[in-house]
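File shown: coords.tsv (TSV, C-alpha atoms and all ligand atoms).
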chain	number	residue	atom	x	y	z
A	1051	ASP	CA	114.37	91.23	115.39
A	1052	TRP	CA	115.40	88.05	117.22
A	1053	ILE	CA	112.05	86.69	118.29
A	1054	MET	CA	110.45	87.33	114.92
A	1055	GLY	CA	113.44	85.70	113.23
A	1056	ASP	CA	112.94	82.55	115.33
A	1057	TYR	CA	109.24	82.61	114.60
A	1058	ILE	CA	109.83	82.80	110.84
A	1059	GLU	CA	112.28	79.90	110.96
A	1060	GLU	CA	109.82	77.76	112.85
A	1061	ALA	CA	106.90	78.66	110.60
A	1062	VAL	CA	108.97	78.00	107.48
A	1063	ALA	CA	110.04	74.59	108.78
A	1064	LYS	CA	106.45	73.71	109.56
A	1065	ILE	CA	105.23	74.70	106.09
A	1066	ARG	CA	108.03	72.70	104.42
A	1067	GLU	CA	107.17	69.67	106.46
A	1068	GLN	CA	103.45	69.96	105.68
A	1069	VAL	CA	103.80	70.65	101.98
A	1070	GLY	CA	106.79	68.48	101.10
A	1071	ASP	CA	107.40	68.74	97.37
A	1072	GLU	CA	103.77	69.46	96.48
A	1073	GLU	CA	102.42	72.59	94.82
A	1074	VAL	CA	100.45	75.36	96.57
A	1075	ILE	CA	97.90	77.86	95.21
A	1076	LEU	CA	97.02	81.09	97.03
A	1077	GLY	CA	94.45	83.77	96.21
A	1078	LEU	CA	96.12	87.14	96.53
A	1079	SER	CA	93.75	90.06	97.16
A	1080	GLY	CA	96.24	92.84	97.80
A	1081	GLY	CA	95.15	92.86	101.44
A	1082	VAL	CA	97.51	92.42	104.38
A	1083	ASP	CA	96.61	88.85	105.39
A	1084	SER	CA	96.87	87.17	102.01
A	1085	SER	CA	100.03	89.17	101.23
A	1086	VAL	CA	101.79	88.11	104.42
A	1087	ALA	CA	100.68	84.49	103.96
A	1088	ALA	CA	102.07	84.59	100.40
A	1089	ALA	CA	105.39	86.07	101.52
A	1090	LEU	CA	105.77	83.47	104.28
A	1091	ILE	CA	104.88	80.49	102.08
A	1092	HIS	CA	107.12	81.81	99.34
A	1093	ARG	CA	109.97	82.01	101.85
A	1094	ALA	CA	109.28	78.37	102.75
A	1095	VAL	CA	108.69	76.70	99.39
A	1096	GLY	CA	109.64	79.27	96.71
A	1097	ASP	CA	108.38	78.32	93.27
A	1098	GLN	CA	106.13	75.57	94.60
A	1099	LEU	CA	103.77	78.48	95.39
A	1100	THR	CA	101.62	80.05	92.69
A	1101	CYS	CA	99.64	83.14	93.64
A	1102	VAL	CA	96.43	83.95	91.80
A	1103	PHE	CA	95.66	87.65	91.89
A	1104	VAL	CA	92.07	88.26	90.83
A	1105	ASP	CA	91.75	91.91	89.84
A	1106	HIS	CA	88.02	92.70	89.88
A	1107	GLY	CA	88.56	96.22	88.55
A	1108	LEU	CA	87.34	97.71	91.83
A	1109	LEU	CA	90.77	98.26	93.35
A	1110	ARG	CA	92.38	101.57	94.22
A	1111	LEU	CA	94.56	103.56	91.82
A	1112	ASN	CA	97.64	101.58	90.70
A	1113	GLU	CA	96.91	98.80	93.18
A	1114	GLY	CA	97.08	95.99	90.64
A	1115	ALA	CA	100.45	97.20	89.38
A	1116	MET	CA	101.68	97.57	92.95
A	1117	VAL	CA	100.73	94.02	93.92
A	1118	MET	CA	102.42	92.64	90.79
A	1119	GLU	CA	105.53	94.76	91.35
A	1120	MET	CA	105.85	93.58	94.94
A	1121	PHE	CA	105.25	89.87	94.46
A	1122	ALA	CA	106.42	89.17	90.94
A	1123	GLY	CA	108.99	92.00	90.74
A	1124	LYS	CA	110.56	92.11	94.21
A	1125	LEU	CA	109.85	88.72	95.78
A	1126	HIS	CA	110.13	86.86	92.45
A	1127	ALA	CA	107.06	84.84	93.32
A	1128	LYS	CA	104.97	83.15	90.64
A	1129	VAL	CA	101.84	85.28	90.23
A	1130	VAL	CA	99.00	84.83	87.77
A	1131	HIS	CA	97.37	88.23	87.24
A	1132	VAL	CA	93.74	87.65	86.24
A	1133	GLN	CA	92.32	90.86	84.82
A	1134	ALA	CA	88.62	90.27	85.25
A	1135	GLU	CA	87.37	93.85	85.28
A	1136	ALA	CA	85.11	93.44	82.24
A	1137	GLN	CA	83.56	90.30	83.67
A	1138	PHE	CA	82.83	91.88	87.07
A	1139	LEU	CA	81.48	95.13	85.64
A	1140	GLY	CA	79.39	93.13	83.18
A	1141	HIS	CA	77.70	91.22	85.98
A	1142	LEU	CA	77.22	94.41	88.01
A	1143	ALA	CA	75.53	96.35	85.20
A	1144	GLY	CA	72.08	97.52	86.25
A	1145	VAL	CA	72.46	96.28	89.84
A	1146	THR	CA	71.89	98.91	92.52
A	1147	ASP	CA	71.21	97.00	95.76
A	1148	PRO	CA	74.28	96.93	98.05
A	1149	GLU	CA	73.87	93.35	99.31
A	1150	GLN	CA	73.15	92.16	95.78
A	1151	LYS	CA	76.34	93.85	94.59
A	1152	ARG	CA	78.32	92.17	97.39
A	1153	LYS	CA	76.87	88.80	96.46
A	1154	ILE	CA	77.72	89.19	92.80
A	1155	ILE	CA	81.29	90.30	93.49
A	1156	GLY	CA	81.81	87.47	95.99
A	1157	ARG	CA	80.34	84.88	93.64
A	1158	GLU	CA	82.34	86.04	90.61
A	1159	PHE	CA	85.48	86.12	92.70
A	1160	VAL	CA	85.01	82.48	93.61
A	1161	GLU	CA	84.19	81.56	89.98
A	1162	VAL	CA	87.28	83.23	88.57
A	1163	PHE	CA	89.50	81.81	91.27
A	1164	LYS	CA	88.08	78.33	90.84
A	1165	ALA	CA	88.69	78.40	87.09
A	1166	GLU	CA	92.30	79.48	87.57
A	1167	ALA	CA	92.86	76.96	90.36
A	1168	ALA	CA	91.45	74.17	88.20
A	1169	LYS	CA	93.94	75.06	85.46
A	1170	LEU	CA	96.83	75.04	87.93
A	1171	LYS	CA	95.61	71.87	89.53
A	1172	ALA	CA	95.58	70.12	86.17
A	1173	GLY	CA	99.16	71.33	85.77
A	1174	ASN	CA	101.39	71.23	82.71
A	1175	ASP	CA	103.17	68.19	83.96
A	1176	LYS	CA	100.41	65.82	85.06
A	1177	LEU	CA	102.40	64.64	88.08
A	1178	GLN	CA	102.82	68.17	89.46
A	1179	GLY	CA	99.31	69.60	89.81
A	1180	ALA	CA	98.60	71.72	92.89
A	1181	LYS	CA	97.62	69.86	96.05
A	1182	TRP	CA	97.27	72.76	98.51
A	1183	LEU	CA	95.09	75.82	98.81
A	1184	ALA	CA	96.68	78.47	101.04
A	1185	GLN	CA	94.59	81.11	102.79
A	1186	GLY	CA	95.46	84.12	104.92
A	1187	THR	CA	93.06	83.17	107.71
A	1188	ILE	CA	94.12	84.84	110.97
A	1189	TYR	CA	93.14	84.07	114.56
A	1190	PRO	CA	90.22	86.53	114.81
A	1191	ASP	CA	88.73	84.93	111.64
A	1192	VAL	CA	88.90	81.53	113.29
A	1193	VAL	CA	87.19	82.80	116.42
A	1194	GLU	CA	84.57	84.68	114.40
A	1195	SER	CA	83.56	81.68	112.36
A	1196	GLY	CA	83.06	79.65	115.55
A	1197	GLY	CA	80.98	82.25	117.35
A	1198	THR	CA	78.00	84.34	116.36
A	1199	LYS	CA	78.30	86.03	113.02
A	1200	THR	CA	76.78	89.25	111.85
A	1201	LYS	CA	75.46	89.39	108.33
A	1202	LYS	CA	78.48	91.34	107.25
A	1203	ALA	CA	80.97	88.99	108.87
A	1204	ILE	CA	79.54	86.18	106.80
A	1205	THR	CA	79.89	88.29	103.68
A	1206	ILE	CA	83.45	89.13	104.55
A	1207	LYS	CA	84.38	85.54	105.18
A	1208	SER	CA	82.55	84.24	102.17
A	1209	HIS	CA	84.51	86.64	100.05
A	1210	HIS	CA	88.19	85.93	100.35
A	1211	ASN	CA	88.51	83.12	102.85
A	1212	VAL	CA	86.06	80.95	101.13
A	1213	GLY	CA	84.49	78.16	103.12
A	1214	GLY	CA	84.16	74.86	101.27
A	1215	LEU	CA	86.44	75.89	98.46
A	1216	PRO	CA	89.26	73.44	99.27
A	1217	GLU	CA	86.79	70.53	99.18
A	1218	GLN	CA	85.28	71.73	95.91
A	1219	LEU	CA	88.72	71.93	94.38
A	1220	GLY	CA	89.98	68.75	95.94
A	1221	LEU	CA	92.77	70.63	97.70
A	1222	LYS	CA	94.21	70.49	101.19
A	1223	LEU	CA	94.06	73.68	103.25
A	1224	LEU	CA	97.21	75.53	104.30
A	1225	GLU	CA	96.67	78.37	106.81
A	1226	PRO	CA	99.99	79.47	108.27
A	1227	LEU	CA	98.60	82.61	110.00
A	1228	ARG	CA	95.84	80.84	111.92
A	1229	GLU	CA	97.37	81.53	115.32
A	1230	LEU	CA	98.27	85.17	114.80
A	1231	PHE	CA	96.55	88.42	115.70
A	1232	LYS	CA	96.49	91.29	113.24
A	1233	ASP	CA	99.39	93.19	114.80
A	1234	GLU	CA	101.50	90.02	114.76
A	1235	VAL	CA	100.64	89.47	111.11
A	1236	ARG	CA	101.79	93.01	110.36
A	1237	ALA	CA	105.07	92.59	112.23
A	1238	LEU	CA	105.65	89.31	110.42
A	1239	GLY	CA	105.01	91.01	107.07
A	1240	VAL	CA	107.61	93.68	107.78
A	1241	ALA	CA	110.11	91.05	108.94
A	1242	LEU	CA	109.53	89.18	105.67
A	1243	GLY	CA	110.43	92.30	103.72
A	1244	LEU	CA	107.01	93.64	102.76
A	1245	PRO	CA	106.91	97.47	102.74
A	1246	ALA	CA	105.62	98.95	106.02
A	1247	ASP	CA	103.34	101.26	103.99
A	1248	MET	CA	101.57	98.26	102.60
A	1249	VAL	CA	101.45	96.24	105.81
A	1250	TYR	CA	100.04	99.12	107.87
A	1251	ARG	CA	97.37	100.14	105.39
A	1252	HIS	CA	93.81	100.85	106.46
A	1253	PRO	CA	91.38	97.96	105.96
A	1254	PHE	CA	89.87	97.76	102.48
A	1255	PRO	CA	86.64	95.81	101.93
A	1256	GLY	CA	86.68	92.72	99.73
A	1257	PRO	CA	84.06	94.16	97.34
A	1258	GLY	CA	86.36	97.18	97.05
A	1259	LEU	CA	85.09	100.27	95.26
A	1260	GLY	CA	81.97	98.26	94.48
A	1261	VAL	CA	80.50	99.41	97.80
A	1262	ARG	CA	81.99	102.91	97.58
A	1263	ILE	CA	80.14	103.77	94.38
A	1264	LEU	CA	76.55	104.22	95.51
A	1265	GLY	CA	74.06	102.32	93.41
A	1266	GLU	CA	75.05	101.03	89.99
A	1267	VAL	CA	78.77	100.51	89.46
A	1268	LYS	CA	80.11	101.94	86.22
A	1269	GLN	CA	83.62	102.05	84.82
A	1270	GLN	CA	83.51	105.86	84.53
A	1271	TYR	CA	82.50	106.24	88.18
A	1272	ALA	CA	85.24	103.86	89.32
A	1273	ASP	CA	87.86	105.80	87.35
A	1274	LEU	CA	86.78	109.15	88.82
A	1275	LEU	CA	86.60	107.70	92.33
A	1276	ARG	CA	90.08	106.12	92.08
A	1277	ARG	CA	91.66	109.46	91.19
A	1278	ALA	CA	89.81	111.42	93.87
A	1279	ASP	CA	90.60	108.82	96.53
A	1280	ALA	CA	94.29	108.73	95.64
A	1281	ILE	CA	94.46	112.51	96.22
A	1282	PHE	CA	92.73	112.20	99.60
A	1283	ILE	CA	95.07	109.42	100.77
A	1284	GLU	CA	98.18	111.20	99.48
A	1285	GLU	CA	97.26	114.38	101.38
A	1286	LEU	CA	96.43	112.46	104.58
A	1287	ARG	CA	99.85	110.82	104.45
A	1288	GLY	CA	101.52	114.16	103.81
A	1289	TRP	CA	99.75	116.20	106.50
A	1290	LYS	CA	101.57	115.99	109.79
A	1291	ASP	CA	100.02	116.70	113.17
A	1292	GLU	CA	102.51	118.77	115.19
A	1293	ALA	CA	101.30	117.54	118.59
A	1294	THR	CA	101.84	113.83	117.92
A	1295	GLY	CA	104.37	113.91	115.07
A	1296	LYS	CA	102.11	111.51	113.16
A	1297	ASN	CA	100.45	112.10	109.82
A	1298	TRP	CA	96.68	112.01	109.41
A	1299	TYR	CA	96.70	108.65	107.65
A	1300	GLU	CA	98.24	107.22	110.81
A	1301	LEU	CA	95.86	109.20	113.01
A	1302	THR	CA	92.78	107.73	111.34
A	1303	SER	CA	91.65	104.09	111.35
A	1304	GLN	CA	90.07	104.20	107.92
A	1305	ALA	CA	89.76	106.95	105.34
A	1306	PHE	CA	88.38	106.86	101.83
A	1307	THR	CA	86.27	108.59	99.22
A	1308	VAL	CA	82.71	107.70	98.25
A	1309	PHE	CA	81.27	108.35	94.79
A	1310	LEU	CA	77.78	109.87	94.74
A	1311	PRO	CA	76.09	109.39	91.37
A	1312	VAL	CA	74.30	112.72	91.46
A	1313	LYS	CA	75.24	115.92	89.68
A	1314	SER	CA	75.45	119.38	91.11
A	1315	VAL	CA	75.99	122.77	89.53
A	1316	GLY	CA	79.28	124.62	89.77
A	1317	VAL	CA	81.22	127.38	88.04
A	1318	MET	CA	84.59	127.17	86.41
A	1319	GLY	CA	86.06	130.19	84.66
A	1320	ASP	CA	83.19	131.80	82.77
A	1321	GLY	CA	81.24	128.60	82.47
A	1322	ARG	CA	78.79	126.57	84.42
A	1323	THR	CA	79.62	122.97	85.27
A	1324	TYR	CA	77.21	120.16	86.05
A	1325	ASP	CA	79.27	117.35	87.52
A	1326	TYR	CA	79.46	114.58	90.10
A	1327	VAL	CA	79.86	114.82	93.88
A	1328	VAL	CA	82.15	112.84	96.19
A	1329	ALA	CA	82.13	112.46	99.96
A	1330	LEU	CA	85.27	112.09	102.05
A	1331	ARG	CA	85.02	109.68	104.97
A	1332	ALA	CA	87.58	109.41	107.78
A	1333	VAL	CA	87.01	107.65	111.07
A	1334	GLN	CA	88.76	106.80	114.30
A	1335	THR	CA	87.91	103.53	116.01
A	1336	SER	CA	89.51	100.77	118.03
A	1337	ASP	CA	87.28	97.90	116.90
A	1338	PHE	CA	85.29	99.11	113.85
A	1339	MET	CA	82.07	98.27	115.73
A	1340	THR	CA	81.70	101.89	116.77
A	1341	ALA	CA	83.55	104.80	115.21
A	1342	ASP	CA	83.82	108.57	115.43
A	1343	TRP	CA	84.25	110.76	112.39
A	1344	ALA	CA	87.73	112.21	112.46
A	1345	GLU	CA	88.22	115.92	113.20
A	1346	LEU	CA	90.53	116.47	110.26
A	1347	PRO	CA	92.23	119.88	110.13
A	1348	TYR	CA	90.30	122.38	108.00
A	1349	GLY	CA	93.48	123.19	106.11
A	1350	LEU	CA	93.81	119.55	105.07
A	1351	LEU	CA	90.16	119.34	103.97
A	1352	LYS	CA	90.58	122.55	102.01
A	1353	LYS	CA	93.64	121.26	100.20
A	1354	VAL	CA	92.04	117.92	99.37
A	1355	SER	CA	88.83	119.47	98.03
A	1356	GLY	CA	90.77	122.04	96.00
A	1357	ARG	CA	92.93	119.36	94.44
A	1358	ILE	CA	90.08	116.97	93.66
A	1359	ILE	CA	87.95	119.64	92.01
A	1360	ASN	CA	90.87	121.04	90.01
A	1361	GLU	CA	92.50	117.77	89.03
A	1362	VAL	CA	89.60	115.41	88.53
A	1363	ARG	CA	87.47	116.73	85.67
A	1364	GLY	CA	83.96	115.40	86.20
A	1365	ILE	CA	83.81	116.11	89.94
A	1366	ASN	CA	82.86	119.64	91.00
A	1367	ARG	CA	81.84	119.22	94.63
A	1368	VAL	CA	83.45	117.58	97.68
A	1369	THR	CA	81.65	116.99	100.96
A	1370	TYR	CA	82.84	115.67	104.33
A	1371	ASP	CA	80.89	112.96	106.16
A	1372	VAL	CA	80.30	113.95	109.80
A	1373	SER	CA	78.33	110.87	110.84
A	1374	SER	CA	79.43	108.54	113.61
A	1375	LYS	CA	78.83	104.82	113.89
A	1376	PRO	CA	76.26	104.02	115.13
A	1377	PRO	CA	73.85	104.97	113.71
A	1378	ALA	CA	75.76	105.41	110.44
A	1379	THR	CA	78.10	102.65	109.27
A	1380	ILE	CA	81.67	103.32	108.22
A	1381	GLU	CA	81.05	102.39	104.58
A	1382	TRP	CA	78.11	104.05	102.82
A	1383	GLU	CA	76.72	100.75	101.55
B	1	LIG	P1	80.75	99.12	108.40
B	1	LIG	O1	80.48	99.84	107.09
B	1	LIG	O2	79.82	97.95	108.59
B	1	LIG	O3	82.21	98.52	108.25
B	1	LIG	O4	80.75	100.05	109.57
B	1	LIG	C1	82.97	97.96	109.30
B	1	LIG	C2	84.27	97.49	108.71
B	1	LIG	O5	84.05	96.39	107.83
B	1	LIG	C3	84.50	96.69	106.52
B	1	LIG	N1	83.54	96.13	105.56
B	1	LIG	C4	83.78	95.07	104.76
B	1	LIG	N2	84.87	94.32	104.60
B	1	LIG	N3	83.72	93.02	102.98
B	1	LIG	C5	84.84	93.29	103.69
B	1	LIG	O6	85.84	92.58	103.51
B	1	LIG	C6	82.57	93.74	103.10
B	1	LIG	O7	81.59	93.47	102.43
B	1	LIG	C7	82.61	94.82	104.04
B	1	LIG	N4	81.70	95.74	104.42
B	1	LIG	C8	82.30	96.53	105.35
B	1	LIG	C9	84.57	98.21	106.46
B	1	LIG	O8	85.47	98.66	105.46
B	1	LIG	C10	84.99	98.54	107.86
B	1	LIG	O9	86.38	98.39	108.03

For the file at hand, write its structure as structure tokens.
Amino acid sequence: DWIMGDYIEEAVAKIREQVGDEEVILGLSGGVDSSVAAALIHRAVGDQLTCVFVDHGLLRLNEGAMVMEMFAGKLHAKVVHVQAEAQFLGHLAGVTDPEQKRKIIGREFVEVFKAEAAKLKAGNDKLQGAKWLAQGTIYPDVVESGGTKTKKAITIKSHHNVGGLPEQLGLKLLEPLRELFKDEVRALGVALGLPADMVYRHPFPGPGLGVRILGEVKQQYADLLRRADAIFIEELRGWKDEATGKNWYELTSQAFTVFLPVKSVGVMGDGRTYDYVVALRAVQTSDFMTADWAELPYGLLKKVSGRIINEVRGINRVTYDVSSKPPATIEWE
């Protein structure tokens, strides 16, 4: 629309003026903020932007491919895809404490990103190393880091919008979304040509499936969880509520599957199974500080559980989490 068009033009001009002919590096997480920042900066300076996409192996099904397809394929942006799954899982082996897991994932993320940034900063052509570090910081992040922080807010911020990183890397900071609220960031993303599906996705934590696999994170658990979660999300998107005309993905604020590393007995055909359990979690909230569990239609729950148990060999039981926040949190870890 008109106003958004004007806004983009202004923002693009400002970025061009700031950056000049220098190179920019941006850490792409697959989340909304870094994606919109990347699309905007790419619009402004094209190939002067290099995105570094650190895939920690704890993303949802096909997410890595989707990010690459969107940025490298459709937008023709320069993207370095760092496949660091083995490294992350290696460091997580044997670790069961949730905060410890968060710390390790956050720390490794910074390490991997720093190594890639250092390579880009050195540059092929010594005159053209990167000078700028771009981040998808939005207005609420700015406010949050000035005010009181909860333990989790610090973790969140120390994960993707890393304090001190520009100094460590000797880079200048570029934050083109600093004045925008979340809904403005989303509208901007759509105006820049990002798919609405992607821009209006539920929030996904930085540590990803790392905090949705209870206790020790293992490759096998992550693979099972990815497939179960993809079924849940697909069915939520496909199940329409007659009264509102919206689907249940739109009617919930956050919905996901949690992997429980315990086995329960089941039957299949003539045989007994002894397999893993997952929990479905779906909440409605306006601020994520408090949340109600969503009253999903029984028919939807039935379809999801039937599909998961039939299609994902290794899971034989599906439960639904009926805990509100507080006292439960939205995530299980
Ligand atoms: P809780 O579980 O505390 O979650 O009720 C509130 C919101 O925060 C998200 N969350 C995180 N996001 N890194 C993130 O980037 C984290 O470590 C983290 N922990 C929780 C959660 O998904 C929910 O939207």

Taking 5 positions as the minimum chain separation for residues in the same chain, which residues sit within 8 Å of Leu1244 (chain A) when counting all atoms listed in the file? Answer as number ranges by chain. A: 1086, 1089, 1120, 1239, 1249

Around (88.7, 72.2, 97.3) in the file's frame, which residues reach within 10 Å when counting all atoms listed in the file? Return as JSON, numbers by chain? {"A": [1164, 1167, 1168, 1181, 1182, 1183, 1212, 1213, 1214, 1215, 1216, 1217, 1218, 1219, 1220, 1221, 1222, 1223]}

Return the single residue from A:Arg1251, A:Lys1268, A:His1106, A:Lys1375 that is closest to ligand LIG 1 (chain B), with distances computed using only C-alpha atoms and all ligand atoms. A:Lys1375

Enumerate residues in contact with ligand LIG 1 (chain B): an atom-to-atom distance of at most 6 Å, counting all atoms listed in the file. Format the result as a tab-separated table (two decimals) with C-alpha atoms, in the frame of the given file.
chain	number	residue	atom	x	y	z
A	1205	THR	CA	79.89	88.29	103.68
A	1206	ILE	CA	83.45	89.13	104.55
A	1253	PRO	CA	91.38	97.96	105.96
A	1254	PHE	CA	89.87	97.76	102.48
A	1255	PRO	CA	86.64	95.81	101.93
A	1256	GLY	CA	86.68	92.72	99.73
A	1257	PRO	CA	84.06	94.16	97.34
A	1338	PHE	CA	85.29	99.11	113.85
A	1379	THR	CA	78.10	102.65	109.27
A	1380	ILE	CA	81.67	103.32	108.22
A	1381	GLU	CA	81.05	102.39	104.58

Hey, can you check how far CA of Lys1064 (chain A) sits from CA of Leu1238 (chain A)?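 Computing the Euclidean distance for CA of Lys1064 (chain A) and CA of Leu1238 (chain A) yields 15.6 Å.
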
Calculated over all atoms listed in the file, which of the candidates A:Arg1066, A:Lys1352, A:Lys1128, A:Arg1367 has the smallest distance to Tyr1324 (chain A)?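 Smallest separation from Tyr1324 (chain A) among the options: A:Arg1367.
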
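The closest residue to Asp1083 (chain A), picked from A:Gly1140, A:Gly1156, A:Gly1055, A:Pro1190 and counting all atoms listed in the file, is A:Pro1190.
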
What lies within 12 Å of Glu1119 (chain A) using all atoms listed in the file, ignoring chain neighbours under 5 positions off, as a VMD selection string? chain A and resid 1080 1112 to 1114 1124 to 1129 1131 1244 to 1245

Output C-alpha atoms of each residue in that selection to a file, as a compact mmCIF listing (two decimals), in the frame of the given file.
# COMPACT_ATOMS: atom_id res chain seq x y z
CA GLY A 1080 96.24 92.84 97.80
CA ASN A 1112 97.64 101.58 90.70
CA GLU A 1113 96.91 98.80 93.18
CA GLY A 1114 97.08 95.99 90.64
CA LYS A 1124 110.56 92.11 94.21
CA LEU A 1125 109.85 88.72 95.78
CA HIS A 1126 110.13 86.86 92.45
CA ALA A 1127 107.06 84.84 93.32
CA LYS A 1128 104.97 83.15 90.64
CA VAL A 1129 101.84 85.28 90.23
CA HIS A 1131 97.37 88.23 87.24
CA LEU A 1244 107.01 93.64 102.76
CA PRO A 1245 106.91 97.47 102.74

With 7 Å as the threshold, what does the neighbourhood of (95.9, 83.3, 105.6) contain in terms of residues, counting all atoms listed in the file? Coordinates are those of the file; answer as a PyMOL selection string. chain A and resi 1083-1084+1087+1184-1188+1225-1228

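What separates CA of Ala1332 (chain A) from CA of Val1362 (chain A) is a distance of 20.3 Å.
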
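Residue nearest Arg1276 (chain A), chosen from A:Ile1154, A:Ile1365, A:Gly1243, A:Phe1138 and counting only C-alpha atoms: A:Ile1365.
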
Rank nothing, just name the residue among A:Ala1293, A:Leu1078, A:Ala1305, A:Val1162 nearest to His1252 (chain A), using all atoms listed in the file.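 Among the listed residues, A:Ala1305 lies closest to His1252 (chain A).
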
Selected residue of minimal separation from Asn1297 (chain A) among A:Asp1105, A:Glu1284, A:Asp1147, A:Glu1361, counting only C-alpha atoms: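 Of all the options, A:Glu1284 lies closest to Asn1297 (chain A).
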
Report, in Å to a single decimal, how far apart CA of Tyr1271 (chain A) and CA of Trp1382 (chain A) are. 15.4 Å

I'd like the contact shell of Val1062 (chain A) - 9 Å cut-off, only C-alpha atoms, skipping same-chain residues fewer than 3 positions apart - returned as a ChimeraX atom specification. /A:1057-1059,1065-1067,1090-1091,1093-1095

Keeping only C-alpha atoms, take the residues you just selected and write them out as a CSV table (one decimal), in the coordinates of the input.
chain,number,residue,atom,x,y,z
A,1057,TYR,CA,109.2,82.6,114.6
A,1058,ILE,CA,109.8,82.8,110.8
A,1059,GLU,CA,112.3,79.9,111.0
A,1065,ILE,CA,105.2,74.7,106.1
A,1066,ARG,CA,108.0,72.7,104.4
A,1067,GLU,CA,107.2,69.7,106.5
A,1090,LEU,CA,105.8,83.5,104.3
A,1091,ILE,CA,104.9,80.5,102.1
A,1093,ARG,CA,110.0,82.0,101.8
A,1094,ALA,CA,109.3,78.4,102.8
A,1095,VAL,CA,108.7,76.7,99.4

Can you tell me, as a PDB file with C-alpha atoms, keeping the file's coordinate frame, what residues are no more than 9 Å from Ala1272 (chain A) when counting all atoms listed in the file, ignoring any on the same chain fewer than 4 positions away?
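To be explicit, this is the file written out as result23.pdb:
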ATOM      1  CA  GLY A1107      88.560  96.220  88.550  1.00  0.00           C
ATOM      2  CA  LEU A1108      87.340  97.710  91.830  1.00  0.00           C
ATOM      3  CA  LEU A1109      90.770  98.260  93.350  1.00  0.00           C
ATOM      4  CA  ARG A1110      92.380 101.570  94.220  1.00  0.00           C
ATOM      5  CA  LEU A1259      85.090 100.270  95.260  1.00  0.00           C
ATOM      6  CA  GLY A1260      81.970  98.260  94.480  1.00  0.00           C
ATOM      7  CA  ARG A1262      81.990 102.910  97.580  1.00  0.00           C
ATOM      8  CA  ILE A1263      80.140 103.770  94.380  1.00  0.00           C
ATOM      9  CA  VAL A1267      78.770 100.510  89.460  1.00  0.00           C
ATOM     10  CA  LYS A1268      80.110 101.940  86.220  1.00  0.00           C
ATOM     11  CA  ARG A1276      90.080 106.120  92.080  1.00  0.00           C
ATOM     12  CA  ARG A1277      91.660 109.460  91.190  1.00  0.00           C
ATOM     13  CA  PHE A1309      81.270 108.350  94.790  1.00  0.00           C
TER      14      PHE A1309
END
